[in-house]
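Only one structure is covered here, and it is reproduced in the block below.
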Amino acid sequence: MSGSQPHIFNPALNYIGGRRVAGAGAAFAVIDPCSGASILDYQLATGGQAEEAVHCARQAFRQWSRTTPGERSGLIQALAHKLTDRSDELASVESAQTGKPLKLASGFDVPGTIDNAAFFAGAARVLEGSAAGEYSPDHTSMIRREPIGVIGSIAPWNYPLQMAGWKILPAIAAGNTIVLKPSEITPLTALLFAEAASEAGIPDGVINVVTGTGLEVGNALTGNRQVDMVSFTGSTAVGRQVMASCAARAARVHLELGGKAPFVVFADADLDAAVHGAVAGSLINTGQDCTAATRAYVHVSLLEAFTAGVADLFASIVLGAPDDSNTDLGPLSSARHRDHVAGFVARARADGGRVYDGGALPSGELAGGFWHRPTLIAGLPQSAEAVQSEIFGPVLTVIGFDTDDEALAMANDSPFGLAASAWTGDVHRALRASREINAGTVWINDHIPIFSEMPHGGFGASGFGKDMSVYSLQEYSQIKHVAMDLTGTVEKDWHRTIFKSPS
Ligand code: NAD
């Protein structure tokens, strides 16, 4: 943990049946992305351990699925309190394993997760559906909303705590049990979350965490017939594999995949607001945010001023240690990801892009970290790789447009459809953009804020399914039609379609 007190981590990174269990697989390490040094050496879980966790979740399902919404609500509320008690620890561990500034972890990741828990505690008690009634003269029908069973969840490394919350909370609020596989490079806060749930009184086996690779533990979940639904957040490429594995056994799947959010600045926009919004919206979490602003489309009348404004603010960004209050931006998550991001920038430069680098790379004990300077790229065509592909780093491209039609067409010229923003003072433009941009979230004159009550999820190659909100509760439950005969007769009216008519 660069620049702060060392934290003693428990290297048993699985939570199976309410117990911390050490992995039985290969040696691995959690790396501090700020320095490149190991902060925890541990052993990965095996596929067999994932199966054991699924077995525990199956055992726990019978009892948990029969708790009342009120009981589940009370336990999830208690979890929200336990998470609140552990806020400082959660923020510092999240910061240690991701390198993100402490102000981001403690101001966004941790309170966001606690608010999610508080929301799902309330939402667990609100199950909506059609009215029971007589939809035929001879029957009374009613709808039951039931949990699905054992959920296998697979999460990425960018917001490990929030992803644990987004996956676990709606699943258990709806009466399911869960096995979560966090990313093996950032498993620590998911384990703290599971421990807090036990402290809150959530029964053993309801929440299990198995830390291993996608190939071994991920596949052990997606291909497991005892896993009734797979909920995946990660890249579109891996999402396709997960979907194929679920398709082979016709299992439910929920996919939250990549993004490439457009940021459209119309001619009448407040330029200062748009510049600030573009800097914050593209650099949030060092750009490792599926909804981050990545493609700015700016009316030609504002293009030069916008480009200069963003480049100036990028230049003032301070890259540094998480606990340094001057730090604006942390590193990327791994050396491999840093090289991946740098590759896009190098190719964009070679293709004629004008690259504006901001900030200065940290030195001294942070020299070994996975740093990437905030980067603005102008002068690329819409077809360029950096404009079309998800980079998932602190990189923003900027392209000018003449007409609103052209801007909206370029905004929609992407296979992804997770999030977007439009900047304008004109209500008609705002309404048109919110209607015509193909994305699961469209912000007007802002970019990034999310709320527990509102859904997060994609269109197109960004996946399907919603996280947060009552919509996610619905995703983690299934509806059953119960039809009851009202006649009490042996020969029902419709039997005439089978039996001969009485002569
Ligand atoms: P990734 O797809 O490489 O990995 C995600 C998870 O899948 C990890 O836990 C990984 O171990 C596991 N995995 C890898 N191969 C697997 C396989 N064959 N079977 C099962 N599991 C497998 O993604 P990442 O690099 O960890 O995260 C970055 C990506 O996540 C970006 O594309 C980003 O846009 C996306 N993301 C999307 C959202 C959203 O809500 N839509 C949120 C955060 C991140």
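By convention here, the chains of the structure tokens are called A, B, ... in the order presented, each chain's residues are numbered starting at 1, and ligands are numbered starting at 1 in the order presented.
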(request) May I have the residues within 6 Å of ligand 1, computed using only C-alpha atoms and all ligand atoms, as a ChimeraX atom specification? (result) /A:154-157,182-183,213-215,218-219,233-235,238,241-242,256-259,290
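Excluding A:Phe464 itself and any same-chain residue fewer than 2 positions from it, the protein and nucleic acid residues within 10 Å of it, counting only C-alpha atoms, are Val253, His254, Leu255, Glu256, Leu257, Leu418, Gly440, His456, Gly457, Gly458, Phe459, Gly460, Ala461, Ser462, Lys466 and Asp467 of chain A.
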Residue subset to file, keeping all heavy atoms, as an mmCIF file, in the first residue's frame:
```cif
data_model
loop_
_atom_site.group_PDB
_atom_site.id
_atom_site.type_symbol
_atom_site.label_atom_id
_atom_site.label_comp_id
_atom_site.auth_asym_id
_atom_site.auth_seq_id
_atom_site.Cartn_x
_atom_site.Cartn_y
_atom_site.Cartn_z
ATOM 1 N N VAL A 253 -29.053 -15.654 -18.349
ATOM 2 C CA VAL A 253 -27.812 -14.878 -18.303
ATOM 3 C C VAL A 253 -28.142 -13.386 -18.281
ATOM 4 O O VAL A 253 -29.139 -12.952 -18.855
ATOM 5 C CB VAL A 253 -26.886 -15.284 -19.483
ATOM 6 C CG1 VAL A 253 -27.521 -14.973 -20.815
ATOM 7 C CG2 VAL A 253 -25.529 -14.647 -19.390
ATOM 8 N N HIS A 254 -27.326 -12.670 -17.556
ATOM 9 C CA HIS A 254 -27.496 -11.214 -17.386
ATOM 10 C C HIS A 254 -26.122 -10.625 -17.689
ATOM 11 O O HIS A 254 -25.145 -10.992 -17.048
ATOM 12 C CB HIS A 254 -27.915 -10.996 -15.928
ATOM 13 C CG HIS A 254 -27.910 -9.598 -15.421
ATOM 14 N ND1 HIS A 254 -29.052 -8.968 -14.999
ATOM 15 C CD2 HIS A 254 -26.912 -8.719 -15.207
ATOM 16 C CE1 HIS A 254 -28.756 -7.748 -14.565
ATOM 17 N NE2 HIS A 254 -27.473 -7.581 -14.679
ATOM 18 N N LEU A 255 -26.048 -9.757 -18.708
ATOM 19 C CA LEU A 255 -24.736 -9.293 -19.171
ATOM 20 C C LEU A 255 -24.618 -7.770 -19.086
ATOM 21 O O LEU A 255 -25.432 -7.051 -19.671
ATOM 22 C CB LEU A 255 -24.507 -9.707 -20.631
ATOM 23 C CG LEU A 255 -24.503 -11.199 -20.966
ATOM 24 C CD1 LEU A 255 -24.338 -11.392 -22.478
ATOM 25 C CD2 LEU A 255 -23.384 -11.932 -20.230
ATOM 26 N N GLU A 256 -23.604 -7.308 -18.374
ATOM 27 C CA GLU A 256 -23.261 -5.873 -18.345
ATOM 28 C C GLU A 256 -21.872 -5.767 -18.959
ATOM 29 O O GLU A 256 -20.890 -6.166 -18.334
ATOM 30 C CB GLU A 256 -23.229 -5.349 -16.906
ATOM 31 C CG GLU A 256 -24.560 -5.386 -16.181
ATOM 32 C CD GLU A 256 -25.529 -4.307 -16.643
ATOM 33 O OE1 GLU A 256 -25.177 -3.531 -17.562
ATOM 34 O OE2 GLU A 256 -26.631 -4.250 -16.101
ATOM 35 N N LEU A 257 -21.784 -5.243 -20.185
ATOM 36 C CA LEU A 257 -20.522 -5.350 -20.937
ATOM 37 C C LEU A 257 -19.868 -3.983 -21.172
ATOM 38 O O LEU A 257 -20.126 -3.043 -20.436
ATOM 39 C CB LEU A 257 -20.798 -6.099 -22.239
ATOM 40 C CG LEU A 257 -21.541 -7.432 -22.046
ATOM 41 C CD1 LEU A 257 -21.835 -8.114 -23.372
ATOM 42 C CD2 LEU A 257 -20.768 -8.375 -21.121
ATOM 43 N N LEU A 418 -24.014 1.882 -23.838
ATOM 44 C CA LEU A 418 -24.196 1.845 -22.381
ATOM 45 C C LEU A 418 -24.623 3.205 -21.834
ATOM 46 O O LEU A 418 -25.560 3.300 -21.052
ATOM 47 C CB LEU A 418 -22.890 1.378 -21.719
ATOM 48 C CG LEU A 418 -22.979 1.052 -20.234
ATOM 49 C CD1 LEU A 418 -24.025 -0.010 -19.969
ATOM 50 C CD2 LEU A 418 -21.621 0.589 -19.714
ATOM 51 N N GLY A 440 -28.276 2.993 -22.662
ATOM 52 C CA GLY A 440 -29.089 2.687 -21.479
ATOM 53 C C GLY A 440 -29.230 3.862 -20.536
ATOM 54 O O GLY A 440 -30.172 3.922 -19.738
ATOM 55 N N HIS A 456 -29.064 0.747 -14.303
ATOM 56 C CA HIS A 456 -27.832 0.864 -15.077
ATOM 57 C C HIS A 456 -27.756 -0.375 -15.959
ATOM 58 O O HIS A 456 -27.829 -1.492 -15.455
ATOM 59 C CB HIS A 456 -26.623 0.909 -14.132
ATOM 60 C CG HIS A 456 -25.317 0.673 -14.833
ATOM 61 N ND1 HIS A 456 -24.549 1.680 -15.360
ATOM 62 C CD2 HIS A 456 -24.654 -0.470 -15.100
ATOM 63 C CE1 HIS A 456 -23.461 1.165 -15.926
ATOM 64 N NE2 HIS A 456 -23.506 -0.139 -15.780
ATOM 65 N N GLY A 457 -27.609 -0.181 -17.249
ATOM 66 C CA GLY A 457 -27.511 -1.344 -18.132
ATOM 67 C C GLY A 457 -27.422 -0.874 -19.560
ATOM 68 O O GLY A 457 -27.689 0.288 -19.870
ATOM 69 N N GLY A 458 -27.036 -1.798 -20.447
ATOM 70 C CA GLY A 458 -26.701 -1.374 -21.798
ATOM 71 C C GLY A 458 -27.696 -1.763 -22.868
ATOM 72 O O GLY A 458 -28.635 -2.516 -22.641
ATOM 73 N N PHE A 459 -27.430 -1.211 -24.054
ATOM 74 C CA PHE A 459 -28.087 -1.607 -25.294
ATOM 75 C C PHE A 459 -26.978 -2.224 -26.164
ATOM 76 O O PHE A 459 -25.787 -1.964 -25.962
ATOM 77 C CB PHE A 459 -28.632 -0.387 -26.053
ATOM 78 C CG PHE A 459 -29.808 0.330 -25.425
ATOM 79 C CD1 PHE A 459 -30.331 -0.019 -24.195
ATOM 80 C CD2 PHE A 459 -30.409 1.394 -26.114
ATOM 81 C CE1 PHE A 459 -31.411 0.659 -23.641
ATOM 82 C CE2 PHE A 459 -31.496 2.085 -25.579
ATOM 83 C CZ PHE A 459 -31.987 1.710 -24.339
ATOM 84 N N GLY A 460 -27.365 -2.974 -27.179
ATOM 85 C CA GLY A 460 -26.416 -3.487 -28.164
ATOM 86 C C GLY A 460 -25.302 -4.296 -27.531
ATOM 87 O O GLY A 460 -25.533 -5.117 -26.626
ATOM 88 N N ALA A 461 -24.059 -4.054 -27.986
ATOM 89 C CA ALA A 461 -22.910 -4.843 -27.512
ATOM 90 C C ALA A 461 -22.539 -4.510 -26.068
ATOM 91 O O ALA A 461 -21.591 -5.077 -25.525
ATOM 92 C CB ALA A 461 -21.713 -4.609 -28.432
ATOM 93 N N SER A 462 -23.260 -3.580 -25.444
ATOM 94 C CA SER A 462 -23.029 -3.313 -24.009
ATOM 95 C C SER A 462 -23.827 -4.266 -23.130
ATOM 96 O O SER A 462 -23.780 -4.165 -21.911
ATOM 97 C CB SER A 462 -23.390 -1.856 -23.676
ATOM 98 O OG SER A 462 -22.498 -0.978 -24.316
ATOM 99 N N LYS A 466 -30.357 -5.225 -16.184
ATOM 100 C CA LYS A 466 -30.152 -3.975 -15.457
ATOM 101 C C LYS A 466 -29.569 -4.253 -14.081
ATOM 102 O O LYS A 466 -29.945 -5.224 -13.427
ATOM 103 C CB LYS A 466 -31.489 -3.236 -15.274
ATOM 104 C CG LYS A 466 -32.157 -2.847 -16.582
ATOM 105 C CD LYS A 466 -31.384 -1.778 -17.334
ATOM 106 C CE LYS A 466 -32.047 -1.457 -18.656
ATOM 107 N NZ LYS A 466 -31.175 -0.692 -19.556
ATOM 108 N N ASP A 467 -28.664 -3.392 -13.662
ATOM 109 C CA ASP A 467 -28.170 -3.399 -12.290
ATOM 110 C C ASP A 467 -28.850 -2.242 -11.562
ATOM 111 O O ASP A 467 -29.316 -1.287 -12.173
ATOM 112 C CB ASP A 467 -26.649 -3.196 -12.263
ATOM 113 C CG ASP A 467 -25.900 -4.450 -12.665
ATOM 114 O OD1 ASP A 467 -26.414 -5.560 -12.433
ATOM 115 O OD2 ASP A 467 -24.777 -4.320 -13.206
#
```
(message) Please list as a list in words every residue within 8 Å of A:Glu199, counting only C-alpha atoms and excluding residues in the same chain fewer than 4 positions away.
(response)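 The contact residues come out as Leu79, Lys82 and Glu195 of chain A.
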Same residues, all heavy atoms, saved as an mmCIF file, in the first residue's frame:
```
data_model
loop_
_atom_site.group_PDB
_atom_site.id
_atom_site.type_symbol
_atom_site.label_atom_id
_atom_site.label_comp_id
_atom_site.auth_asym_id
_atom_site.auth_seq_id
_atom_site.Cartn_x
_atom_site.Cartn_y
_atom_site.Cartn_z
ATOM 1 N N LEU A 79 -26.883 -5.272 7.187
ATOM 2 C CA LEU A 79 -25.644 -5.285 6.388
ATOM 3 C C LEU A 79 -25.224 -3.855 6.048
ATOM 4 O O LEU A 79 -24.036 -3.514 6.130
ATOM 5 C CB LEU A 79 -25.878 -6.110 5.111
ATOM 6 C CG LEU A 79 -24.833 -5.988 4.005
ATOM 7 C CD1 LEU A 79 -23.440 -6.420 4.486
ATOM 8 C CD2 LEU A 79 -25.233 -6.833 2.781
ATOM 9 N N LYS A 82 -23.455 -2.543 8.990
ATOM 10 C CA LYS A 82 -22.105 -3.130 9.156
ATOM 11 C C LYS A 82 -21.131 -2.525 8.149
ATOM 12 O O LYS A 82 -19.974 -2.265 8.461
ATOM 13 C CB LYS A 82 -22.146 -4.658 8.967
ATOM 14 C CG LYS A 82 -22.906 -5.401 10.051
ATOM 15 C CD LYS A 82 -22.165 -5.349 11.376
ATOM 16 C CE LYS A 82 -22.990 -5.954 12.493
ATOM 17 N NZ LYS A 82 -22.440 -5.655 13.825
ATOM 18 N N GLU A 195 -18.049 -10.949 4.660
ATOM 19 C CA GLU A 195 -17.891 -11.053 6.127
ATOM 20 C C GLU A 195 -18.888 -10.133 6.842
ATOM 21 O O GLU A 195 -19.488 -10.520 7.847
ATOM 22 C CB GLU A 195 -16.473 -10.641 6.529
ATOM 23 C CG GLU A 195 -15.470 -11.727 6.296
ATOM 24 C CD GLU A 195 -14.062 -11.280 6.701
ATOM 25 O OE1 GLU A 195 -13.838 -10.075 6.952
ATOM 26 O OE2 GLU A 195 -13.202 -12.146 6.737
#
```
(request) Could you tell me which of A:Glu304, A:Glu71, A:Glu134, A:Glu89 comes closest to A:Ile202 if we count only C-alpha atoms? (result)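 Once distances to A:Ile202 are computed over only C-alpha atoms, the minimum belongs to A:Glu71.
Note that the spacing between atom CA of A:Ala174 and atom CA of A:Asn14 amounts to 23.6 Å.
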(request) Just the residues within 7 Å of A:Ala483, please, counting only C-alpha atoms, with nothing from its chain fewer than 2 positions along; format it as a PyMOL selection string. (result) chain A and resi 139-142+481+485
(request) Go through stretch 96-184 of chain A and collect every residue that DSSP, computed from the backbone, puts in alpha helix (DSSP H); the answer should be as a VMD selection string. (result) chain A and resid 96 to 98 102 to 104 110 to 123 160 to 173
(message) Under the rule that only C-alpha atoms are counted, which of A:Glu436, A:Asp270, A:Glu52, A:Glu184 is the nearest residue to A:Ala29?
(response)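 Answer, going by the shortest atom-to-atom distance: A:Glu184.
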(request) List the neighbours of A:Ile437 out to 12 Å using only C-alpha atoms; skip same-chain residues closer than 4 positions along the sequence, and give me the result as an MDAnalysis selection string. (result) chainID A and resid 261:264 404:405 407:414 416:422 429:433 441:444 459
(message) If we count only C-alpha atoms and set the cut-off at 8 Å, which residues sit around A:Gly281, ignoring sequence neighbours fewer than 3 positions away in its own chain? Please answer as a VMD selection string.
(response) chain A and resid 277 to 278 284 292 to 293 447 to 448
(request) Name all residues at most 7 Å from A:Gly353 (count only C-alpha atoms; drop same-chain ones fewer than 5 positions away) and give them as a count of residues only. (result) 5
(request) Have a look at A:Ser389, A:Ser334, A:Asn116, A:Thr68 and name the one nearest to A:Ala80; count only C-alpha atoms. (result)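 Looking only at the distances to A:Ala80, the closest residue turns out to be A:Asn116.
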